[in-house]
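Novice: Structure file model-v2.tsv (TSV, C-alpha atoms) is given on the next line.
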```
chain	number	residue	atom	x	y	z
P	13	MET	CA	-79.73	22.64	-29.86
P	14	ALA	CA	-79.43	23.65	-26.24
P	15	SER	CA	-79.56	20.03	-25.10
P	16	THR	CA	-76.78	19.10	-27.51
P	17	LYS	CA	-74.45	21.77	-26.08
P	18	LYS	CA	-75.10	20.56	-22.55
P	19	LEU	CA	-74.19	17.03	-23.48
P	20	SER	CA	-71.00	18.09	-25.22
P	21	SER	CA	-69.90	20.16	-22.22
P	22	LYS	CA	-70.50	17.23	-19.92
P	23	LYS	CA	-68.32	15.03	-22.14
P	24	ILE	CA	-65.50	17.54	-22.06
P	25	SER	CA	-65.61	17.87	-18.31
P	26	ARG	CA	-65.55	14.06	-17.93
P	27	LYS	CA	-62.45	13.81	-20.11
P	28	LYS	CA	-60.53	16.44	-18.07
P	29	THR	CA	-61.18	14.77	-14.71
P	30	PRO	CA	-59.25	11.47	-15.35
P	31	ALA	CA	-56.39	13.51	-16.84
P	32	LYS	CA	-55.84	15.20	-13.49
P	33	LYS	CA	-55.83	11.81	-11.74
P	34	VAL	CA	-53.12	10.50	-14.09
P	35	VAL	CA	-50.91	13.48	-13.28
P	36	ARG	CA	-51.30	12.88	-9.55
P	37	LYS	CA	-50.39	9.22	-9.93
P	38	ALA	CA	-47.24	10.11	-11.88
P	39	VAL	CA	-46.14	12.51	-9.15
P	40	LEU	CA	-46.69	9.86	-6.48
P	41	LYS	CA	-44.55	7.38	-8.40
P	42	LYS	CA	-41.57	9.79	-8.61
P	43	LYS	CA	-41.34	10.38	-4.83
P	44	PRO	CA	-40.26	6.84	-3.73
P	45	ALA	CA	-37.73	6.69	-6.59
P	46	ALA	CA	-35.94	9.76	-5.20
P	47	LYS	CA	-35.75	8.18	-1.71
P	48	THR	CA	-34.05	4.96	-2.91
P	49	VAL	CA	-31.27	6.86	-4.72
P	50	LYS	CA	-30.05	8.88	-1.68
P	51	PRO	CA	-28.91	6.02	0.61
P	52	LYS	CA	-26.88	4.44	-2.24
P	53	LYS	CA	-24.83	7.60	-2.76
P	54	THR	CA	-24.19	7.96	0.99
P	55	GLY	CA	-22.93	4.36	1.20
P	56	VAL	CA	-20.41	4.91	-1.61
P	57	LYS	CA	-19.01	8.02	0.10
P	58	LYS	CA	-18.54	6.18	3.42
P	59	THR	CA	-16.71	3.28	1.74
P	60	ALA	CA	-14.32	5.66	-0.01
P	61	ALA	CA	-13.58	7.46	3.27
P	62	VAL	CA	-12.80	4.15	5.02
P	63	LYS	CA	-10.43	3.13	2.22
P	64	LYS	CA	-8.58	6.45	2.46
P	65	SER	CA	-8.13	6.13	6.23
P	66	VAL	CA	-6.79	2.54	5.86
P	67	LYS	CA	-4.27	3.70	3.25
P	68	LYS	CA	-3.13	6.58	5.49
P	69	ASN	CA	-2.66	4.28	8.48
P	70	ALA	CA	-0.65	1.78	6.42
P	71	THR	CA	1.62	4.52	5.05
P	72	THR	CA	2.19	5.94	8.54
P	73	LYS	CA	3.15	2.55	9.99
P	74	LYS	CA	5.54	1.87	7.13
P	75	SER	CA	7.25	5.27	7.42
P	76	LYS	CA	7.68	4.81	11.18
P	77	ALA	CA	9.35	1.43	10.62
P	78	VAL	CA	11.76	2.88	8.08
P	79	LYS	CA	12.63	5.86	10.29
P	80	SER	CA	13.35	3.59	13.29
P	81	LYS	CA	16.53	2.29	11.61
P	82	ALA	CA	19.49	3.93	13.34
P	83	ALA	CA	22.44	5.38	11.41
P	84	PHE	CA	25.92	3.86	11.60
P	85	PRO	CA	28.40	5.66	13.88
P	86	GLN	CA	31.06	7.76	12.14
P	87	ILE	CA	34.35	6.06	11.23
P	88	GLY	CA	37.23	7.79	13.03
P	89	ASN	CA	35.09	8.73	16.03
P	90	ALA	CA	35.10	6.92	19.37
P	91	ALA	CA	33.09	3.70	19.08
P	92	PRO	CA	29.87	3.63	21.15
P	93	SER	CA	30.57	2.21	24.60
P	94	PHE	CA	28.91	-0.98	25.80
P	95	SER	CA	28.70	-3.31	28.81
P	96	LEU	CA	26.91	-6.61	28.17
P	97	LEU	CA	26.72	-10.05	29.79
P	98	ASN	CA	28.48	-12.93	28.06
P	99	GLN	CA	27.46	-16.60	28.00
P	100	GLU	CA	28.73	-17.02	31.58
P	101	GLY	CA	26.83	-14.01	32.93
P	102	LYS	CA	30.06	-12.00	33.17
P	103	LYS	CA	29.99	-8.32	32.18
P	104	ILE	CA	32.14	-7.48	29.15
P	105	SER	CA	32.82	-3.81	28.33
P	106	LEU	CA	34.56	-2.05	25.45
P	107	SER	CA	36.80	-0.30	27.97
P	108	ASP	CA	38.25	-3.72	28.98
P	109	PHE	CA	40.29	-3.76	25.76
P	110	ALA	CA	41.40	-0.11	25.60
P	111	GLY	CA	45.11	0.16	24.74
P	112	LYS	CA	45.47	-3.64	24.64
P	113	GLU	CA	43.57	-5.20	21.74
P	114	ASN	CA	41.55	-4.38	18.65
P	115	VAL	CA	37.91	-5.40	18.90
P	116	VAL	CA	35.82	-7.06	16.19
P	117	LEU	CA	32.21	-6.52	17.23
P	118	TYR	CA	29.81	-8.42	15.01
P	119	PHE	CA	26.01	-8.44	15.25
P	120	TYR	CA	24.06	-11.55	14.25
P	121	PRO	CA	20.28	-12.22	14.39
P	122	ARG	CA	19.95	-15.39	16.45
P	123	ALA	CA	22.02	-18.12	18.13
P	124	MET	CA	22.12	-21.61	16.60
P	125	THR	CA	20.45	-20.65	13.32
P	126	PRO	CA	22.15	-21.98	10.15
P	127	GLY	CA	23.74	-18.76	8.86
P	128	CYS	CA	24.83	-17.62	12.31
P	129	THR	CA	26.35	-21.03	13.04
P	130	VAL	CA	28.42	-20.98	9.85
P	131	GLN	CA	29.63	-17.46	10.67
P	132	ALA	CA	30.55	-18.36	14.27
P	133	CYS	CA	32.35	-21.56	13.31
P	134	GLY	CA	34.48	-19.65	10.81
P	135	ILE	CA	35.61	-17.30	13.59
P	136	ARG	CA	36.19	-20.26	15.95
P	137	ASP	CA	38.61	-21.83	13.47
P	138	SER	CA	40.45	-18.50	13.01
P	139	VAL	CA	40.81	-17.35	16.65
P	140	ALA	CA	44.59	-18.02	16.63
P	141	GLU	CA	44.99	-15.72	13.61
P	142	PHE	CA	42.96	-12.97	15.30
P	143	LYS	CA	45.09	-13.26	18.45
P	144	ALA	CA	48.25	-12.92	16.37
P	145	LEU	CA	46.88	-9.54	15.23
P	146	ASP	CA	46.08	-8.46	18.82
P	147	THR	CA	42.38	-8.73	18.10
P	148	VAL	CA	39.47	-10.10	20.13
P	149	VAL	CA	36.16	-11.08	18.52
P	150	LEU	CA	32.80	-10.52	20.23
P	151	GLY	CA	29.48	-11.71	18.85
P	152	VAL	CA	26.32	-9.77	19.82
P	153	SER	CA	22.70	-10.92	19.46
P	154	PRO	CA	19.29	-10.24	21.11
P	155	ASP	CA	19.41	-13.73	22.68
P	156	ALA	CA	19.24	-14.16	26.45
P	157	VAL	CA	22.27	-15.67	28.24
P	158	LYS	CA	20.87	-19.23	28.33
P	159	PRO	CA	20.74	-19.82	24.54
P	160	LEU	CA	24.29	-18.41	24.27
P	161	VAL	CA	25.52	-21.10	26.67
P	162	LYS	CA	23.97	-23.81	24.47
P	163	PHE	CA	25.34	-22.21	21.29
P	164	ARG	CA	28.88	-22.05	22.67
P	165	GLU	CA	28.80	-25.61	24.01
P	166	ARG	CA	27.14	-27.18	20.96
P	167	ASP	CA	29.60	-25.71	18.46
P	168	LYS	CA	32.63	-25.51	20.78
P	169	LEU	CA	32.99	-21.78	20.25
P	170	ASN	CA	36.12	-20.23	21.76
P	171	PHE	CA	35.15	-16.53	21.91
P	172	ASP	CA	32.60	-14.50	23.87
P	173	LEU	CA	28.97	-14.15	22.85
P	174	LEU	CA	27.19	-11.12	24.31
P	175	SER	CA	23.50	-10.78	25.17
P	176	ASP	CA	21.70	-7.61	23.98
P	177	PRO	CA	18.03	-8.54	24.63
P	178	ASP	CA	16.69	-5.00	24.37
P	179	HIS	CA	18.85	-4.33	21.26
P	180	ILE	CA	20.15	-1.13	22.89
P	181	ILE	CA	23.75	-1.65	21.71
P	182	ALA	CA	22.56	-2.81	18.28
P	183	GLU	CA	20.70	0.48	17.91
P	184	LYS	CA	23.75	2.46	19.04
P	185	TYR	CA	25.76	0.88	16.24
P	186	GLY	CA	22.99	1.15	13.62
P	187	ALA	CA	22.66	-2.64	13.52
P	188	TRP	CA	18.91	-2.63	14.23
P	189	GLY	CA	16.34	-1.76	11.56
P	190	LEU	CA	13.70	-2.79	9.08
P	191	LYS	CA	14.19	-6.21	7.49
P	192	LYS	CA	12.37	-7.98	4.66
P	193	PHE	CA	12.00	-11.76	4.43
P	194	MET	CA	9.59	-13.76	2.25
P	195	GLY	CA	7.38	-10.71	1.68
P	196	ARG	CA	7.21	-9.88	5.39
P	197	GLU	CA	8.61	-6.71	6.99
P	198	PHE	CA	9.81	-6.62	10.59
P	199	MET	CA	12.38	-4.98	12.87
P	200	GLY	CA	15.50	-6.97	13.72
P	201	VAL	CA	19.29	-7.23	13.77
P	202	LEU	CA	21.04	-6.14	10.58
P	203	ARG	CA	23.99	-8.48	10.18
P	204	SER	CA	27.03	-6.19	10.35
P	205	THR	CA	30.60	-6.01	11.72
P	206	PHE	CA	32.56	-3.17	13.33
P	207	ILE	CA	36.33	-3.08	13.72
P	208	ILE	CA	37.49	-0.95	16.67
P	209	GLY	CA	41.13	0.00	17.20
P	210	LYS	CA	43.13	-0.19	20.45
P	211	ASP	CA	42.51	3.55	20.80
P	212	GLY	CA	38.76	2.91	21.00
P	213	LYS	CA	38.04	4.53	17.64
P	214	LEU	CA	35.95	2.97	14.91
P	215	LYS	CA	38.18	1.86	12.02
P	216	PHE	CA	35.90	-0.03	9.65
P	217	ILE	CA	32.22	-0.96	9.11
P	218	MET	CA	31.16	-4.05	7.17
P	219	ASP	CA	27.45	-3.85	6.36
P	220	GLN	CA	27.46	-6.52	3.64
P	221	VAL	CA	28.40	-9.79	5.34
P	222	ASN	CA	28.99	-13.17	3.73
P	223	THR	CA	28.60	-15.67	6.58
P	224	THR	CA	30.83	-18.25	4.87
P	225	THR	CA	33.83	-15.97	4.26
P	226	HIS	CA	33.25	-13.48	7.09
P	227	HIS	CA	36.30	-14.54	9.16
P	228	ASP	CA	38.66	-14.30	6.17
P	229	ASP	CA	37.20	-10.97	5.07
P	230	VAL	CA	37.66	-9.44	8.55
P	231	LEU	CA	41.25	-10.75	8.87
P	232	ALA	CA	42.12	-9.20	5.50
P	233	ILE	CA	40.71	-5.81	6.59
P	234	ILE	CA	42.60	-5.83	9.90
P	235	LYS	CA	45.85	-6.61	8.08
P	236	SER	CA	45.23	-3.75	5.65
P	237	LEU	CA	44.60	-1.32	8.52
P	238	SER	CA	47.72	-2.20	10.51
```
Take the structure in the file and write it out as structure tokens.
Specialist:
Amino acid sequence: MASTKKLSSKKISRKKTPAKKVVRKAVLKKKPAAKTVKPKKTGVKKTAAVKKSVKKNATTKKSKAVKSKAAFPQIGNAAPSFSLLNQEGKKISLSDFAGKENVVLYFYPRAMTPGCTVQACGIRDSVAEFKALDTVVLGVSPDAVKPLVKFRERDKLNFDLLSDPDHIIAEKYGAWGLKKFMGREFMGVLRSTFIIGKDGKLKFIMDQVNTTTHHDDVLAIIKSLS
């Protein structure tokens, strides 16, 4: 009987020993699993942070572009002064016309482009009518003097074109701001026209310009103001 008990106790102790080894193996398997999870979570957080910073930068740039558009000057106030070079390199100032003639100051994006050519040719063919109303027309663009010479000669324009390369005068008149074309946003000249009286005060602002009928539209406004 004593020998039987010894055998049974040996069997029991043998069974318990592999059980402990199984537990240890299970613990060892869990440790590498925990390590692989941590870097994945960190990567997701970094990606989200990058996306947020990109969105913030894009919003900031867009808001700056919108804010950079200047406001139009107040009708009834003195028109902003200017002195710019014309196609001959001669300085033309607003003060040159004080007490003598009305001034039609129109801003256009670029010399010799289709829309700007149509607009300029309409004024060219109506210069006699403008003169009859004691009015001089001046076209302003960011072009340098040289392209203005070509524009005037090519289309036989009979009025002064002024060079505003740094768009300083365009900004003074609120004719420089954010533009949209074919899904692209950029800063440029906002096609607009300002009618200034002989007294140097701003009489009318045209911010919606039809290049084909522009000359007729301006003549009609001047007649209504006189």
Novice: Compare P:Leu190, P:Val115, P:Ile234, P:Met124 by their minimum atom-to-atom distance to Thr147 in chain P, counting only C-alpha atoms, and give me the closest one.
Specialist: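 Under the stated criterion, the closest residue is P:Val115.
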Novice: For Ile181 in chain P, which residue among P:Gly209, P:Pro92, P:Gly151, P:Gly127 is the nearest when counting only C-alpha atoms?
Specialist: P:Pro92
Novice: For a test of reading the model, state the distance in Å between CA of Cys128 in chain P and CA of Glu100 in chain P, rounded to one decimal.
Specialist: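 CA of Cys128 in chain P sits 19.7 Å away from CA of Glu100 in chain P.
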Novice: For CA of Lys235 in chain P and CA of Tyr120 in chain P, determine how far apart the two atoms are, in Å to one decimal place.
Specialist: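 Answer for the CA of Lys235 in chain P to CA of Tyr120 in chain P separation: 23.2 Å.
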Novice: Just checking: using all atoms listed in the file, which residue out of P:Ser175, P:Asn114, P:Ser153, P:Ser204 ends up closest to Leu231 in chain P?
Specialist: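 Closest residue, counting all atoms listed in the file: P:Asn114.
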Novice: Closest to Arg122 in chain P among P:Ile207, P:Ala140, P:Leu202, P:Val221, using all atoms listed in the file?
Specialist: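 The answer is P:Leu202, which sits nearest to Arg122 in chain P.
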Novice: Return the single residue from P:Asp167, P:Asp155, P:Glu113, P:Asp178 that is closest to Ile135 in chain P, with distances computed using only C-alpha atoms.
Specialist: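 Once distances to Ile135 in chain P are computed over only C-alpha atoms, the minimum belongs to P:Asp167.
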Novice: At what distance in Å, to one decimal, does CA of Ser95 in chain P lie from CA of Glu183 in chain P?
Specialist: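 So the answer is 14.0 Å.
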Novice: Please, which residues are within 10 Å of (21.5, -7.9, 29.3) by the file's coordinates, counting all atoms listed in the file, and could they come as a list in words?
Specialist: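 Using all atoms listed in the file, the matching residues come out as Ser95, Leu96, Leu97, Asn98, Gly101, Lys103, Pro154, Asp155, Ala156, Val157, Leu174, Ser175, Asp176, Pro177, Asp178, His179 and Ile180 of chain P.
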Novice: I'd like the neighbourhood of Arg203 in chain P as a PDB file with C-alpha atoms, keeping the file's coordinate frame, where a residue qualifies if any of its atoms comes within 8 Å (using only C-alpha atoms), though same-chain residues fewer than 4 positions away should be ignored.
Specialist:
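Wrote out.pdb, looks like this:
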```pdb
ATOM      1  CA  TYR P 118      29.810  -8.420  15.010  1.00  0.00           C
ATOM      2  CA  PHE P 119      26.010  -8.440  15.250  1.00  0.00           C
ATOM      3  CA  TYR P 120      24.060 -11.550  14.250  1.00  0.00           C
ATOM      4  CA  PRO P 121      20.280 -12.220  14.390  1.00  0.00           C
ATOM      5  CA  ALA P 187      22.660  -2.640  13.520  1.00  0.00           C
ATOM      6  CA  ASP P 219      27.450  -3.850   6.360  1.00  0.00           C
ATOM      7  CA  GLN P 220      27.460  -6.520   3.640  1.00  0.00           C
ATOM      8  CA  VAL P 221      28.400  -9.790   5.340  1.00  0.00           C
TER       9      VAL P 221
END
```
Novice: Go ahead and find all residues with at least one atom no further than 10 Å from (38.5, -17.8, 21.8) in the file's coordinates, using all atoms listed in the file; report them as a list in words.
Specialist: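 Applying the cut-off with all atoms listed in the file, one gets Ile135, Arg136, Asp137, Ser138, Val139, Ala140, Phe142, Lys143, Val148, Val149, Leu150, Lys168, Leu169, Asn170, Phe171 and Asp172 of chain P.
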Novice: Put the listed atoms of range 194-209 of chain P in a box along x, y and z with 4 Å added on every side and give me the centre and edge lengths in Å to one decimal, as lines of an AutoDock Vina configuration file.
Specialist:
```
center_x = 24.2
center_y = -6.9
center_z = 9.4
size_x = 41.9
size_y = 21.8
size_z = 23.5
```
